[in-house]
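The next block is entry.txt, given as compact mmCIF, C-alpha atoms and all ligand atoms.
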```
# COMPACT_ATOMS: atom_id res chain seq x y z
CA MET A 1 -124.76 54.66 162.23
CA THR A 2 -121.41 56.06 163.39
CA HIS A 3 -118.56 53.61 164.00
CA GLU A 4 -115.85 54.11 166.58
CA VAL A 5 -112.36 55.02 165.31
CA VAL A 6 -110.07 52.48 167.00
CA ARG A 7 -106.43 53.54 167.30
CA GLN A 8 -103.30 51.38 167.63
CA THR A 9 -100.52 51.66 170.21
CA LEU A 10 -97.00 50.77 169.12
CA PRO A 11 -94.65 49.41 171.83
CA LEU A 12 -91.55 51.37 172.85
CA LEU A 13 -88.05 49.87 173.00
CA ASP A 14 -86.18 49.81 176.30
CA GLU A 15 -84.03 52.90 176.97
CA GLU A 16 -82.80 51.78 180.37
CA ASP A 17 -80.32 54.30 181.84
CA GLY A 18 -80.06 55.97 178.47
CA ARG A 19 -77.53 53.30 177.51
CA ASP A 20 -79.70 51.67 174.93
CA LEU A 21 -79.97 54.94 173.07
CA TYR A 22 -76.81 53.93 171.28
CA TYR A 23 -76.97 50.27 170.36
CA LEU A 24 -78.55 48.73 167.29
CA PRO A 25 -81.73 47.12 168.57
CA ASP A 26 -83.39 43.96 167.33
CA LEU A 27 -85.43 45.65 164.66
CA PRO A 28 -88.80 44.28 163.57
CA GLU A 29 -88.51 41.64 160.83
CA GLU A 30 -90.86 43.47 158.50
CA ASP A 31 -89.20 45.96 156.18
CA PRO A 32 -91.75 48.28 154.55
CA TYR A 33 -88.81 50.06 152.85
CA ALA A 34 -87.30 47.12 150.99
CA ALA A 35 -83.90 46.84 149.32
CA GLY A 36 -83.55 47.85 145.70
CA HIS A 37 -83.79 51.65 145.76
CA ARG A 38 -81.20 53.88 144.12
CA THR A 39 -79.98 56.25 146.82
CA CYS A 40 -76.23 56.91 147.20
CA ALA A 41 -74.14 54.57 149.35
CA GLY A 42 -74.30 55.78 152.97
CA CYS A 43 -77.40 57.93 152.33
CA GLY A 44 -78.66 59.18 155.72
CA PRO A 45 -82.25 59.80 154.57
CA ALA A 46 -82.49 56.20 153.28
CA ILE A 47 -81.39 54.88 156.70
CA GLN A 48 -83.97 57.11 158.36
CA TYR A 49 -86.71 55.98 155.98
CA ARG A 50 -85.93 52.36 156.72
CA TRP A 51 -85.98 52.75 160.51
CA VAL A 52 -89.06 54.96 160.58
CA LEU A 53 -91.01 52.48 158.47
CA LYS A 54 -89.77 49.51 160.51
CA ALA A 55 -90.95 51.39 163.62
CA ALA A 56 -94.34 52.12 162.05
CA GLY A 57 -94.90 48.57 160.75
CA LEU A 58 -97.08 47.18 157.98
CA ASP A 59 -100.37 48.91 158.84
CA THR A 60 -99.00 52.20 157.57
CA VAL A 61 -99.65 54.64 154.73
CA VAL A 62 -96.90 57.04 153.67
CA ALA A 63 -96.56 60.19 151.61
CA GLY A 64 -93.33 61.60 150.21
CA PRO A 65 -93.01 65.10 148.72
CA THR A 66 -90.59 65.66 145.84
CA GLY A 67 -86.93 65.34 146.82
CA CYS A 68 -84.16 62.74 146.76
CA MET A 69 -86.29 60.28 148.66
CA TYR A 70 -88.97 60.44 146.02
CA VAL A 71 -86.78 60.62 142.93
CA ALA A 72 -84.12 58.09 143.96
CA ASN A 73 -86.74 55.73 145.38
CA SER A 74 -89.31 55.51 142.64
CA THR A 75 -89.41 55.07 138.93
CA TYR A 76 -92.53 54.42 136.89
CA LEU A 77 -94.45 51.50 138.47
CA CYS A 78 -91.55 50.65 140.79
CA THR A 79 -90.94 51.69 144.40
CA PRO A 80 -89.20 50.01 147.36
CA TYR A 81 -92.34 50.35 149.54
CA THR A 82 -94.35 47.34 150.64
CA VAL A 83 -96.98 49.64 152.20
CA PRO A 84 -99.24 52.14 150.37
CA TRP A 85 -97.18 55.17 149.38
CA ALA A 86 -97.95 58.34 147.43
CA HIS A 87 -95.78 61.06 145.97
CA THR A 88 -96.98 64.63 146.57
CA PRO A 89 -95.79 67.93 145.13
CA ILE A 90 -93.02 69.43 147.24
CA ALA A 91 -95.26 72.13 148.74
CA SER A 92 -98.20 69.94 149.71
CA GLY A 93 -96.90 67.12 151.91
CA GLY A 94 -98.80 68.65 154.83
CA SER A 95 -102.10 69.21 153.06
CA PHE A 96 -102.01 65.81 151.33
CA THR A 97 -101.36 64.05 154.64
CA SER A 98 -104.15 66.06 156.32
CA GLY A 99 -106.47 64.76 153.64
CA MET A 100 -105.38 61.16 154.19
CA ALA A 101 -105.95 61.49 157.95
CA ALA A 102 -109.35 63.15 157.59
CA GLY A 103 -110.32 60.61 154.92
CA TYR A 104 -109.48 57.56 157.04
CA GLU A 105 -111.34 59.04 160.02
CA ALA A 106 -114.43 59.67 157.89
CA MET A 107 -114.34 56.27 156.19
CA ILE A 108 -114.01 54.41 159.50
CA ARG A 109 -116.83 56.44 161.09
CA LYS A 110 -119.10 55.69 158.12
CA GLY A 111 -118.22 51.98 158.18
CA ARG A 112 -116.56 52.12 154.76
CA TYR A 113 -113.11 51.09 156.10
CA PRO A 114 -112.90 48.42 158.80
CA GLY A 115 -110.04 50.00 160.73
CA PRO A 116 -108.15 50.21 162.95
CA TYR A 117 -106.92 53.70 162.10
CA PRO A 118 -103.60 53.16 160.24
CA ASN A 119 -100.28 54.79 161.00
CA ILE A 120 -100.26 57.83 158.72
CA LEU A 121 -97.03 59.64 158.05
CA VAL A 122 -95.22 61.88 155.62
CA MET A 123 -91.45 62.16 155.27
CA ALA A 124 -90.42 65.47 153.73
CA GLY A 125 -86.96 66.87 153.05
CA ASP A 126 -85.77 70.10 154.65
CA GLY A 127 -86.37 72.02 151.43
CA SER A 128 -89.97 70.86 151.58
CA ALA A 129 -90.61 70.98 155.35
CA ALA A 130 -88.56 74.06 156.27
CA ASP A 131 -89.06 76.11 153.11
CA ILE A 132 -91.35 75.42 150.13
CA GLY A 133 -93.90 73.29 152.02
CA ILE A 134 -93.68 74.74 155.53
CA GLY A 135 -97.09 76.40 155.21
CA SER A 136 -98.94 73.18 154.49
CA ILE A 137 -97.16 71.31 157.31
CA SER A 138 -97.81 74.12 159.79
CA GLY A 139 -101.49 74.10 158.75
CA ALA A 140 -101.73 70.35 159.31
CA LEU A 141 -100.10 70.65 162.75
CA TYR A 142 -102.35 73.56 163.68
CA ARG A 143 -105.50 71.64 162.69
CA ASP A 144 -104.17 68.67 164.72
CA HIS A 145 -104.66 65.94 162.10
CA ASP A 146 -103.77 62.55 163.54
CA ALA A 147 -100.54 61.90 161.63
CA LEU A 148 -96.76 62.05 162.00
CA PHE A 149 -94.97 64.74 159.98
CA VAL A 150 -91.27 63.90 159.59
CA CYS A 151 -88.59 66.19 158.23
CA TYR A 152 -85.54 64.23 157.06
CA ASP A 153 -82.93 66.95 157.19
CA ASN A 154 -79.91 66.62 154.91
CA GLU A 155 -79.33 70.36 155.23
CA CYS A 156 -79.63 71.09 151.52
CA TYR A 157 -81.80 70.76 148.44
CA ALA A 158 -79.98 67.58 147.46
CA ASN A 159 -82.00 66.26 144.58
CA THR A 160 -81.57 69.34 142.42
CA GLY A 161 -77.80 69.51 142.91
CA ILE A 162 -77.00 70.44 146.55
CA GLN A 163 -78.38 73.96 146.81
CA THR A 164 -78.63 75.81 150.13
CA SER A 165 -81.81 75.37 152.17
CA PRO A 166 -82.91 77.18 155.36
CA THR A 167 -81.35 74.40 157.46
CA THR A 168 -77.93 74.48 155.78
CA PRO A 169 -75.58 75.37 158.66
CA TYR A 170 -73.45 78.50 158.86
CA ALA A 171 -70.34 78.05 156.65
CA GLY A 172 -71.79 75.02 154.89
CA MET A 173 -70.72 75.09 151.25
CA THR A 174 -73.41 74.35 148.67
CA THR A 175 -73.67 75.17 144.97
CA PHE A 176 -75.59 78.35 145.93
CA THR A 177 -73.23 79.27 148.81
CA PRO A 178 -69.75 78.83 147.34
CA TYR A 179 -66.85 80.31 149.30
CA GLY A 180 -64.69 83.00 147.72
CA LYS A 181 -63.16 86.41 148.38
CA ALA A 182 -66.48 88.13 149.13
CA THR A 183 -67.84 85.29 151.29
CA PRO A 184 -64.92 83.27 152.65
CA GLU A 185 -67.24 81.35 154.98
CA GLY A 186 -69.60 80.10 152.25
CA LYS A 187 -73.04 80.33 153.86
CA LYS A 188 -73.35 83.47 156.02
CA LEU A 189 -76.71 82.85 157.71
CA PRO A 190 -77.42 80.56 160.68
CA PRO A 191 -79.82 77.65 160.09
CA LYS A 192 -83.55 77.98 160.69
CA ASN A 193 -84.53 76.34 163.98
CA LEU A 194 -87.35 74.34 162.42
CA ALA A 195 -88.21 72.00 165.29
CA LYS A 196 -88.39 74.79 167.88
CA MET A 197 -90.61 76.77 165.49
CA MET A 198 -92.93 73.79 165.23
CA ALA A 199 -93.03 73.18 169.00
CA GLU A 200 -93.46 76.82 170.01
CA GLY A 201 -95.92 77.51 167.22
CA HIS A 202 -98.11 74.42 167.74
CA PRO A 203 -98.03 73.79 171.50
CA HIS A 204 -100.69 71.06 171.36
CA CYS A 205 -98.45 68.81 169.15
CA TYR A 206 -95.83 66.21 170.10
CA VAL A 207 -92.52 67.50 168.65
CA ALA A 208 -89.07 65.89 168.84
CA THR A 209 -85.60 65.96 167.32
CA THR A 210 -83.39 62.95 166.68
CA THR A 211 -80.59 61.72 164.42
CA VAL A 212 -79.67 58.54 162.55
CA GLY A 213 -76.88 58.12 165.15
CA TYR A 214 -79.42 56.97 167.78
CA PRO A 215 -81.61 54.21 166.35
CA VAL A 216 -83.54 53.42 169.53
CA ASP A 217 -84.28 57.10 170.06
CA LEU A 218 -85.39 57.46 166.43
CA ILE A 219 -87.64 54.39 166.59
CA ASN A 220 -89.19 55.35 169.93
CA LYS A 221 -89.86 58.94 168.89
CA THR A 222 -91.45 57.68 165.67
CA ARG A 223 -93.72 55.43 167.72
CA LYS A 224 -94.50 58.14 170.29
CA GLY A 225 -95.42 60.48 167.45
CA LEU A 226 -97.70 57.87 165.91
CA ASN A 227 -99.22 56.90 169.27
CA HIS A 228 -99.99 60.54 170.05
CA VAL A 229 -103.62 61.20 169.10
CA GLY A 230 -103.31 64.33 167.00
CA ALA A 231 -100.47 65.88 165.02
CA ALA A 232 -96.80 65.14 165.72
CA PHE A 233 -93.61 66.48 164.16
CA LEU A 234 -90.21 64.73 164.09
CA HIS A 235 -87.07 66.52 162.89
CA CYS A 236 -84.33 64.00 162.02
CA TYR A 237 -80.70 64.81 161.17
CA THR A 238 -79.74 62.70 158.13
CA PRO A 239 -76.28 63.16 156.55
CA CYS A 240 -76.08 63.39 152.76
CA GLN A 241 -72.93 61.67 151.61
CA LYS A 242 -72.91 63.31 148.21
CA GLY A 243 -73.64 66.84 149.39
CA TRP A 244 -71.49 66.88 152.52
CA VAL A 245 -68.49 64.96 151.13
CA TYR A 246 -67.47 62.40 153.77
CA GLN A 247 -66.51 58.72 153.90
CA THR A 248 -69.62 56.69 153.20
CA SER A 249 -69.21 54.56 156.31
CA MET A 250 -69.39 57.61 158.61
CA THR A 251 -73.11 58.42 158.36
CA ILE A 252 -74.01 57.01 161.78
CA GLU A 253 -70.86 58.44 163.37
CA LEU A 254 -71.81 61.91 162.13
CA GLY A 255 -75.26 61.37 163.63
CA ARG A 256 -73.63 61.06 167.04
CA ARG A 257 -70.86 63.61 166.64
CA VAL A 258 -73.27 66.38 165.69
CA VAL A 259 -74.93 65.84 169.09
CA GLU A 260 -71.68 65.39 171.01
CA SER A 261 -70.31 68.63 169.57
CA GLY A 262 -73.37 70.59 170.68
CA LEU A 263 -74.60 71.37 167.19
CA TRP A 264 -77.83 69.31 167.19
CA PRO A 265 -79.70 69.29 170.52
CA VAL A 266 -81.80 66.12 170.87
CA TRP A 267 -85.05 66.72 172.75
CA GLU A 268 -88.74 66.04 172.87
CA TYR A 269 -91.58 68.39 173.65
CA ASP A 270 -94.43 66.99 175.70
CA PRO A 271 -97.66 68.85 174.87
CA ALA A 272 -99.41 67.61 178.04
CA GLU A 273 -96.79 69.19 180.31
CA ARG A 274 -95.82 71.89 177.82
CA ALA A 275 -92.20 71.05 178.66
CA TYR A 276 -88.98 70.14 176.82
CA ARG A 277 -86.90 67.10 177.79
CA TYR A 278 -83.28 67.44 176.63
CA PHE A 279 -80.89 64.55 176.04
CA HIS A 280 -77.51 65.13 177.72
CA PRO A 281 -74.83 63.24 175.76
CA PRO A 282 -72.09 61.66 177.89
CA VAL A 283 -69.36 63.10 175.62
CA GLN A 284 -68.75 66.79 174.81
CA ARG A 285 -66.41 67.40 171.88
CA PRO A 286 -64.92 70.43 170.14
CA VAL A 287 -66.85 71.24 166.96
CA THR A 288 -63.73 70.51 164.91
CA ASP A 289 -64.23 66.78 165.67
CA TYR A 290 -67.43 67.07 163.64
CA LEU A 291 -66.67 69.73 161.04
CA ALA A 292 -63.34 68.30 159.88
CA MET A 293 -64.93 65.02 158.80
CA GLN A 294 -66.79 66.82 155.99
CA GLY A 295 -65.55 68.40 152.79
CA ARG A 296 -68.31 71.03 152.82
CA PHE A 297 -66.55 72.79 155.72
CA GLY A 298 -62.96 72.39 154.47
CA HIS A 299 -62.61 76.08 153.50
CA MET A 300 -63.38 77.46 157.00
CA LEU A 301 -60.95 79.98 158.50
CA PRO A 302 -60.11 80.24 162.24
CA GLU A 303 -62.74 82.95 162.89
CA HIS A 304 -65.44 80.82 161.28
CA VAL A 305 -64.58 77.76 163.37
CA ALA A 306 -64.52 79.88 166.55
CA ARG A 307 -67.97 81.26 165.71
CA VAL A 308 -69.41 77.77 165.30
CA GLN A 309 -67.85 76.75 168.65
CA ALA A 310 -69.46 79.79 170.31
CA GLY A 311 -72.86 78.73 168.91
CA ALA A 312 -72.36 75.17 170.16
CA ASN A 313 -71.46 76.47 173.63
CA ARG A 314 -74.69 78.48 173.74
CA ASN A 315 -76.55 75.27 172.82
CA TRP A 316 -74.93 73.42 175.73
CA GLU A 317 -76.18 76.15 178.07
CA LEU A 318 -79.63 76.05 176.50
CA ILE A 319 -80.02 72.33 177.19
CA GLY A 320 -78.81 72.73 180.77
CA MET A 321 -75.26 71.38 180.48
CA ASP A 322 -72.06 72.95 181.78
CA VAL A 323 -69.59 74.19 179.19
CA PRO A 324 -66.08 72.91 180.01
CA GLN A 325 -63.39 75.62 180.08
CA SER A 326 -61.57 73.78 177.26
CA LEU A 327 -64.58 74.39 174.98
CA ARG A 328 -65.01 78.02 176.14
CA ASP A 329 -61.36 78.63 175.23
CA LEU A 330 -62.10 77.47 171.68
CA GLU A 331 -64.36 80.50 171.15
CA ASP A 332 -61.11 82.39 170.56
CA PRO A 333 -60.07 82.39 166.85
CA ALA A 334 -56.44 82.44 167.95
CA ARG A 335 -56.92 78.86 169.17
CA HIS A 336 -57.71 77.63 165.65
CA GLN A 337 -56.08 77.08 162.29
CA ARG A 338 -57.75 76.76 158.91
CA LEU A 339 -60.13 73.84 159.29
CA ALA A 340 -58.22 71.86 156.69
CA ASP A 341 -55.17 72.00 159.00
CA GLU A 342 -56.98 71.26 162.29
CA GLU A 343 -56.23 68.08 164.19
CA TYR A 344 -59.29 66.12 165.20
CA SER A 345 -60.01 62.76 166.78
CA MET A 346 -60.58 60.04 164.22
CA PRO A 347 -63.73 57.94 164.50
CA VAL A 348 -63.37 54.61 166.21
CA ASN A 349 -65.62 51.62 165.88
CA ARG A 350 -67.82 52.13 168.93
CA GLY A 351 -69.20 49.26 170.93
CA VAL A 352 -72.47 49.16 172.84
CA GLY A 353 -72.86 52.23 175.01
CA ALA A 354 -69.54 53.76 173.90
C1 LIG A 401 -92.49 74.04 143.60
C2 LIG A 401 -91.24 73.31 143.25
N1 LIG A 401 -90.07 73.99 143.22
C3 LIG A 401 -88.94 73.35 142.91
C4 LIG A 401 -88.96 72.01 142.61
C5 LIG A 401 -87.67 71.31 142.23
N2 LIG A 401 -87.22 70.39 143.22
C6 LIG A 401 -87.41 69.05 143.10
S1 LIG A 401 -86.69 68.16 144.29
C7 LIG A 401 -86.06 69.56 144.99
C8 LIG A 401 -85.16 69.44 146.19
C9 LIG A 401 -85.91 69.20 147.45
O1 LIG A 401 -85.08 69.35 148.58
P1 LIG A 401 -85.45 68.65 149.93
O2 LIG A 401 -86.88 68.81 150.23
O3 LIG A 401 -84.50 69.12 150.95
O4 LIG A 401 -85.22 67.10 149.61
P2 LIG A 401 -83.81 66.41 149.19
O5 LIG A 401 -83.71 66.51 147.72
O6 LIG A 401 -82.74 67.11 149.91
O7 LIG A 401 -83.98 64.99 149.63
C10 LIG A 401 -86.44 70.70 144.29
C11 LIG A 401 -86.05 72.09 144.63
C12 LIG A 401 -90.19 71.33 142.65
N3 LIG A 401 -90.27 70.02 142.38
N4 LIG A 401 -91.31 72.00 142.97
S1 LIG A 402 -77.74 63.01 147.19
FE1 LIG A 402 -77.72 62.79 149.45
S2 LIG A 402 -79.88 62.56 150.09
FE2 LIG A 402 -79.76 62.21 147.86
S3 LIG A 402 -79.60 59.97 147.64
FE3 LIG A 402 -77.49 60.81 147.67
S4 LIG A 402 -76.83 60.76 149.84
FE4 LIG A 402 -79.08 60.50 149.77
MG MG A 403 -82.85 68.18 151.74
```
Translate the structure described by the file into C-alpha cells.
Ligand SMILES: Cc1ncc(C[n+]2csc(CCOP(=O)(O)OP(=O)(O)O)c2C)c(N)n1
Ligand code: SF4
Ligand SMILES: [Mg+2]
Amino acid sequence: MTHEVVRQTLPLLDEEDGRDLYYLPDLPEEDPYAAGHRTCAGCGPAIQYRWVLKAAGLDTVVAGPTGCMYVANSTYLCTPYTVPWAHTPIASGGSFTSGMAAGYEAMIRKGRYPGPYPNILVMAGDGSAADIGIGSISGALYRDHDALFVCYDNECYANTGIQTSPTTPYAGMTTFTPYGKATPEGKKLPPKNLAKMMAEGHPHCYVATTTVGYPVDLINKTRKGLNHVGAAFLHCYTPCQKGWVYQTSMTIELGRRVVESGLWPVWEYDPAERAYRYFHPPVQRPVTDYLAMQGRFGHMLPEHVARVQAGANRNWELIGMDVPQSLRDLEDPARHQRLADEEYSMPVNRGVGA
C-alpha cells in the first residue's frame, strides 16, 4: 500500500508596504540553533543559521558541508542543533540533501515514517556552493528534490584562513589575493553571479537572494523556499567579521548597506511566472559608504573605487531603478581619493523602517 506524502505550509510574516522588511520581528520561541557555538563575535553566517532555523522550526533536518559553520559549530559529540543535523563533505551538500529528500519521500510512501514530510535544508558556504560543491547542488536543483539549498555567502573560504572564493568581490583582499605592485587592487576578477546562474539554469526552481540586514525578508524567503514543492535555492549575504575586518556590531548594518549601495540586488525568481521580482531600497548610497567600513578594501585606489561604483550603477539599471546624477558622477576616478582617505557616512542606530 502506498501512503500519501503530506507536506507542511509555513506561515509568512507581514511585509506590509515593504516597511516590515527592516524591523526585527517577533521570532518564533523555538531555537533549533541554540547558544553555545564557537563562531566569532558578529559572525554573519551564525546569524543567518539562527534565523533560517527559527523560520524552519523544529520539524526540520539539516545538512552542513565543511566550512566555518561546520567546524566552529561542532566538536565531537557536541553541536548547537536541537534538530537532526549531519555534516557532509564540502563537495556533496547537494547530493547528500538529495538523498535525504528522496529517502523521506520513499519512507513515507512505504509507511515506514509517519510524516508529515519534514523541512529539509542544507546550508553551504560560498566555497562549497559556488565552487567545490556547485555540481552536486546544481544536480539536486535540476532533479527538483523537495529541499531548500542555502548558500551562506561570506565571500571567502573563511575556515581555512580567508582565501579567495568565486564570490569574493573585485578588489577584496584575501590571503590569496593580496594587494601589491603587480596587483594594486587585490582581487582582479568580478564575483560569480551564483544566484542568477541558479535561476537561469534551473527555471523550475524557486530562487531568491537576501541578506542578514533584512530579517523578515530572510525568514519569509526561507519559508517560501521550504513551502515550494520541489527544489529551492537561497543566496544569503553574510558578513565575516574576521575576514572582512570591521567593527563586530556592524554585521546587520553591512547587510543593508550592501543593498543600498547597489552591490547586492535583492530579488526572488518565481518559477510559475518565470519572472524576477526586485526589491527597490528606499536609500541609494555611494559605494564608499559600504566599502570604507571594511579593512579588506582599505588599499583601493581612486580608479578601483570608480570601477566598483560603475558596476553598482549598472546593477541599479538592471533592477529597474534610476541612477541619480550624483552616483553617475562617481564613475569618474577624479572624484575619488584612496579609499582609506574617503569620507563616508557613519552608521547610525536605525529605528523601525529607517
Ligand atoms: C575537497 C576539499 N577541499 C578542501 C577542503 C578544505 N576546506 C575545509 S573548510 C574550507 C573552506 C570552505 O569555505 P566555504 O564553503 O566558503 O565556508 P566558510 O569556511 O567560508 O564558512 C576548505 C577549503 C575540504 N574540506 N575538502
Ligand atoms: S571566520 Fe568569519 S564565518 Fe568563520 S566564524 Fe568567524 S566571522 Fe564567522
Ligand atoms: Mg565562505
Non-local contacts of Cys68 of chain A (8 Å; only C-alpha atoms; under 3 positions in same chain excluded) as a list of chain:residue names: A:Thr39, A:Val71, A:Ala72, A:Asn73, A:Ala158, A:Asn159
Produce a table with one row for each residue of chain A that has an atom at most 12 Å from any atom of ligand MG 403 (chain A), each row naming the nearest atom pair and its distance in Å at one decimal; use only C-alpha atoms and all ligand atoms; arrange rows by chain and rising residue number; format as CSV.
```
residue,atom,partner,partner_atom,distance
A:Cys43,CA,A:MG403,MG,11.6
A:Gly44,CA,A:MG403,MG,10.7
A:Pro45,CA,A:MG403,MG,8.9
A:Pro65,CA,A:MG403,MG,11.0
A:Thr66,CA,A:MG403,MG,10.1
A:Gly67,CA,A:MG403,MG,7.0
A:Cys68,CA,A:MG403,MG,7.5
A:Met69,CA,A:MG403,MG,9.2
A:Tyr70,CA,A:MG403,MG,11.4
A:Ile90,CA,A:MG403,MG,11.2
A:Met123,CA,A:MG403,MG,11.1
A:Ala124,CA,A:MG403,MG,8.3
A:Gly125,CA,A:MG403,MG,4.5
A:Asp126,CA,A:MG403,MG,4.5
A:Gly127,CA,A:MG403,MG,5.2
A:Ser128,CA,A:MG403,MG,7.6
A:Ala129,CA,A:MG403,MG,9.0
A:Ala130,CA,A:MG403,MG,9.4
A:Asp131,CA,A:MG403,MG,10.2
A:Ile132,CA,A:MG403,MG,11.3
A:Cys151,CA,A:MG403,MG,8.9
A:Tyr152,CA,A:MG403,MG,7.2
A:Asp153,CA,A:MG403,MG,5.6
A:Asn154,CA,A:MG403,MG,4.6
A:Glu155,CA,A:MG403,MG,5.4
A:Cys156,CA,A:MG403,MG,4.3
A:Tyr157,CA,A:MG403,MG,4.3
A:Ala158,CA,A:MG403,MG,5.2
A:Asn159,CA,A:MG403,MG,7.5
A:Thr160,CA,A:MG403,MG,9.5
A:Gly161,CA,A:MG403,MG,10.3
A:Ile162,CA,A:MG403,MG,8.1
A:Gln163,CA,A:MG403,MG,8.8
A:Thr164,CA,A:MG403,MG,8.9
A:Ser165,CA,A:MG403,MG,7.3
A:Pro166,CA,A:MG403,MG,9.7
A:Thr167,CA,A:MG403,MG,8.6
A:Thr168,CA,A:MG403,MG,9.0
A:Thr174,CA,A:MG403,MG,11.7
A:Cys236,CA,A:MG403,MG,11.2
A:Tyr237,CA,A:MG403,MG,10.2
A:Thr238,CA,A:MG403,MG,9.0
A:Pro239,CA,A:MG403,MG,9.6
A:Cys240,CA,A:MG403,MG,8.4
A:Gln241,CA,A:MG403,MG,11.9
A:Lys242,CA,A:MG403,MG,11.6
A:Gly243,CA,A:MG403,MG,9.6
A:Trp244,CA,A:MG403,MG,11.5
```
Could those residues be written to a file, using C-alpha atoms, as an mmCIF file, in the frame of the given file?
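Done, and the output landed in selection-v4.cif:
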```
data_model
loop_
_atom_site.group_PDB
_atom_site.id
_atom_site.type_symbol
_atom_site.label_atom_id
_atom_site.label_comp_id
_atom_site.auth_asym_id
_atom_site.auth_seq_id
_atom_site.Cartn_x
_atom_site.Cartn_y
_atom_site.Cartn_z
ATOM 1 C CA CYS A 43 -77.400 57.930 152.330
ATOM 2 C CA GLY A 44 -78.660 59.180 155.720
ATOM 3 C CA PRO A 45 -82.250 59.800 154.570
ATOM 4 C CA PRO A 65 -93.010 65.100 148.720
ATOM 5 C CA THR A 66 -90.590 65.660 145.840
ATOM 6 C CA GLY A 67 -86.930 65.340 146.820
ATOM 7 C CA CYS A 68 -84.160 62.740 146.760
ATOM 8 C CA MET A 69 -86.290 60.280 148.660
ATOM 9 C CA TYR A 70 -88.970 60.440 146.020
ATOM 10 C CA ILE A 90 -93.020 69.430 147.240
ATOM 11 C CA MET A 123 -91.450 62.160 155.270
ATOM 12 C CA ALA A 124 -90.420 65.470 153.730
ATOM 13 C CA GLY A 125 -86.960 66.870 153.050
ATOM 14 C CA ASP A 126 -85.770 70.100 154.650
ATOM 15 C CA GLY A 127 -86.370 72.020 151.430
ATOM 16 C CA SER A 128 -89.970 70.860 151.580
ATOM 17 C CA ALA A 129 -90.610 70.980 155.350
ATOM 18 C CA ALA A 130 -88.560 74.060 156.270
ATOM 19 C CA ASP A 131 -89.060 76.110 153.110
ATOM 20 C CA ILE A 132 -91.350 75.420 150.130
ATOM 21 C CA CYS A 151 -88.590 66.190 158.230
ATOM 22 C CA TYR A 152 -85.540 64.230 157.060
ATOM 23 C CA ASP A 153 -82.930 66.950 157.190
ATOM 24 C CA ASN A 154 -79.910 66.620 154.910
ATOM 25 C CA GLU A 155 -79.330 70.360 155.230
ATOM 26 C CA CYS A 156 -79.630 71.090 151.520
ATOM 27 C CA TYR A 157 -81.800 70.760 148.440
ATOM 28 C CA ALA A 158 -79.980 67.580 147.460
ATOM 29 C CA ASN A 159 -82.000 66.260 144.580
ATOM 30 C CA THR A 160 -81.570 69.340 142.420
ATOM 31 C CA GLY A 161 -77.800 69.510 142.910
ATOM 32 C CA ILE A 162 -77.000 70.440 146.550
ATOM 33 C CA GLN A 163 -78.380 73.960 146.810
ATOM 34 C CA THR A 164 -78.630 75.810 150.130
ATOM 35 C CA SER A 165 -81.810 75.370 152.170
ATOM 36 C CA PRO A 166 -82.910 77.180 155.360
ATOM 37 C CA THR A 167 -81.350 74.400 157.460
ATOM 38 C CA THR A 168 -77.930 74.480 155.780
ATOM 39 C CA THR A 174 -73.410 74.350 148.670
ATOM 40 C CA CYS A 236 -84.330 64.000 162.020
ATOM 41 C CA TYR A 237 -80.700 64.810 161.170
ATOM 42 C CA THR A 238 -79.740 62.700 158.130
ATOM 43 C CA PRO A 239 -76.280 63.160 156.550
ATOM 44 C CA CYS A 240 -76.080 63.390 152.760
ATOM 45 C CA GLN A 241 -72.930 61.670 151.610
ATOM 46 C CA LYS A 242 -72.910 63.310 148.210
ATOM 47 C CA GLY A 243 -73.640 66.840 149.390
ATOM 48 C CA TRP A 244 -71.490 66.880 152.520
#
```
Using only C-alpha atoms and all ligand atoms, the residue out of A:His87, A:Arg338, A:Arg256, A:Arg277 with shortest distance to ligand LIG 401 (chain A) is A:His87
Shell of 9 Å around segment 314-316 of chain A, all atoms listed in the file, local chain residues under 3 positions omitted, as a PyMOL selection string: chain A and resi 262-265+280+309-311+319-323
Distance query Glu303 of chain A at most 9 Å, all atoms listed in the file, self and fewer than 3 positions along chain excluded, as number ranges by chain: A: 300, 306-308, 331-334, 336-338
Write the residues you've just listed into a file as a JSON list (two decimals), in the frame of the given file, and include C-alpha atoms for each of them.
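Contents of part39.json, freshly written:
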```
[["chain", "number", "residue", "atom", "x", "y", "z"],
["A", 300, "MET", "CA", -63.38, 77.46, 157.00],
["A", 306, "ALA", "CA", -64.52, 79.88, 166.55],
["A", 307, "ARG", "CA", -67.97, 81.26, 165.71],
["A", 308, "VAL", "CA", -69.41, 77.77, 165.30],
["A", 331, "GLU", "CA", -64.36, 80.50, 171.15],
["A", 332, "ASP", "CA", -61.11, 82.39, 170.56],
["A", 333, "PRO", "CA", -60.07, 82.39, 166.85],
["A", 334, "ALA", "CA", -56.44, 82.44, 167.95],
["A", 336, "HIS", "CA", -57.71, 77.63, 165.65],
["A", 337, "GLN", "CA", -56.08, 77.08, 162.29],
["A", 338, "ARG", "CA", -57.75, 76.76, 158.91]]
```
Restricting the calculation to all atoms listed in the file: of A:Ala272, A:Leu12, A:Ala41, A:Met250, which residue gets closest to ligand LIG 402 (chain A)?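 Of all the options, A:Ala41 lies closest to ligand LIG 402 (chain A).
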In Å, how far is it from atom O4 of ligand LIG 401 (chain A) to atom CA of Gly64 of chain A? 9.8 Å
For a quick check of understanding, using all atoms listed in the file, which of A:Tyr117, A:Tyr278, A:Tyr81, A:Phe96 has the smallest distance to Tyr49 of chain A?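 For Tyr49 of chain A, the nearest of the candidates is A:Tyr81.
Counting from atom CA of Val52 of chain A, the distance to atom CA of Leu218 of chain A is 7.3 Å.
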Who sits within 8 Å of Glu185 of chain A, only C-alpha atoms, same chain under 6 positions skipped, as number ranges by chain: A: 170-172, 179, 299-301, 304
Keeping only C-alpha atoms, write the selected residues to a file as a tab-separated table (two decimals), keeping the file's coordinate frame.
```
chain	number	residue	atom	x	y	z
A	170	TYR	CA	-73.45	78.50	158.86
A	171	ALA	CA	-70.34	78.05	156.65
A	172	GLY	CA	-71.79	75.02	154.89
A	179	TYR	CA	-66.85	80.31	149.30
A	299	HIS	CA	-62.61	76.08	153.50
A	300	MET	CA	-63.38	77.46	157.00
A	301	LEU	CA	-60.95	79.98	158.50
A	304	HIS	CA	-65.44	80.82	161.28
```
Choose the residue, out of A:Asn227, A:Thr251, A:Gln284, A:Thr175, that has the smallest atom-to-atom separation from ligand LIG 402 (chain A); count all atoms listed in the file.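 Using all atoms listed in the file, the shortest distance to ligand LIG 402 (chain A) belongs to A:Thr251.
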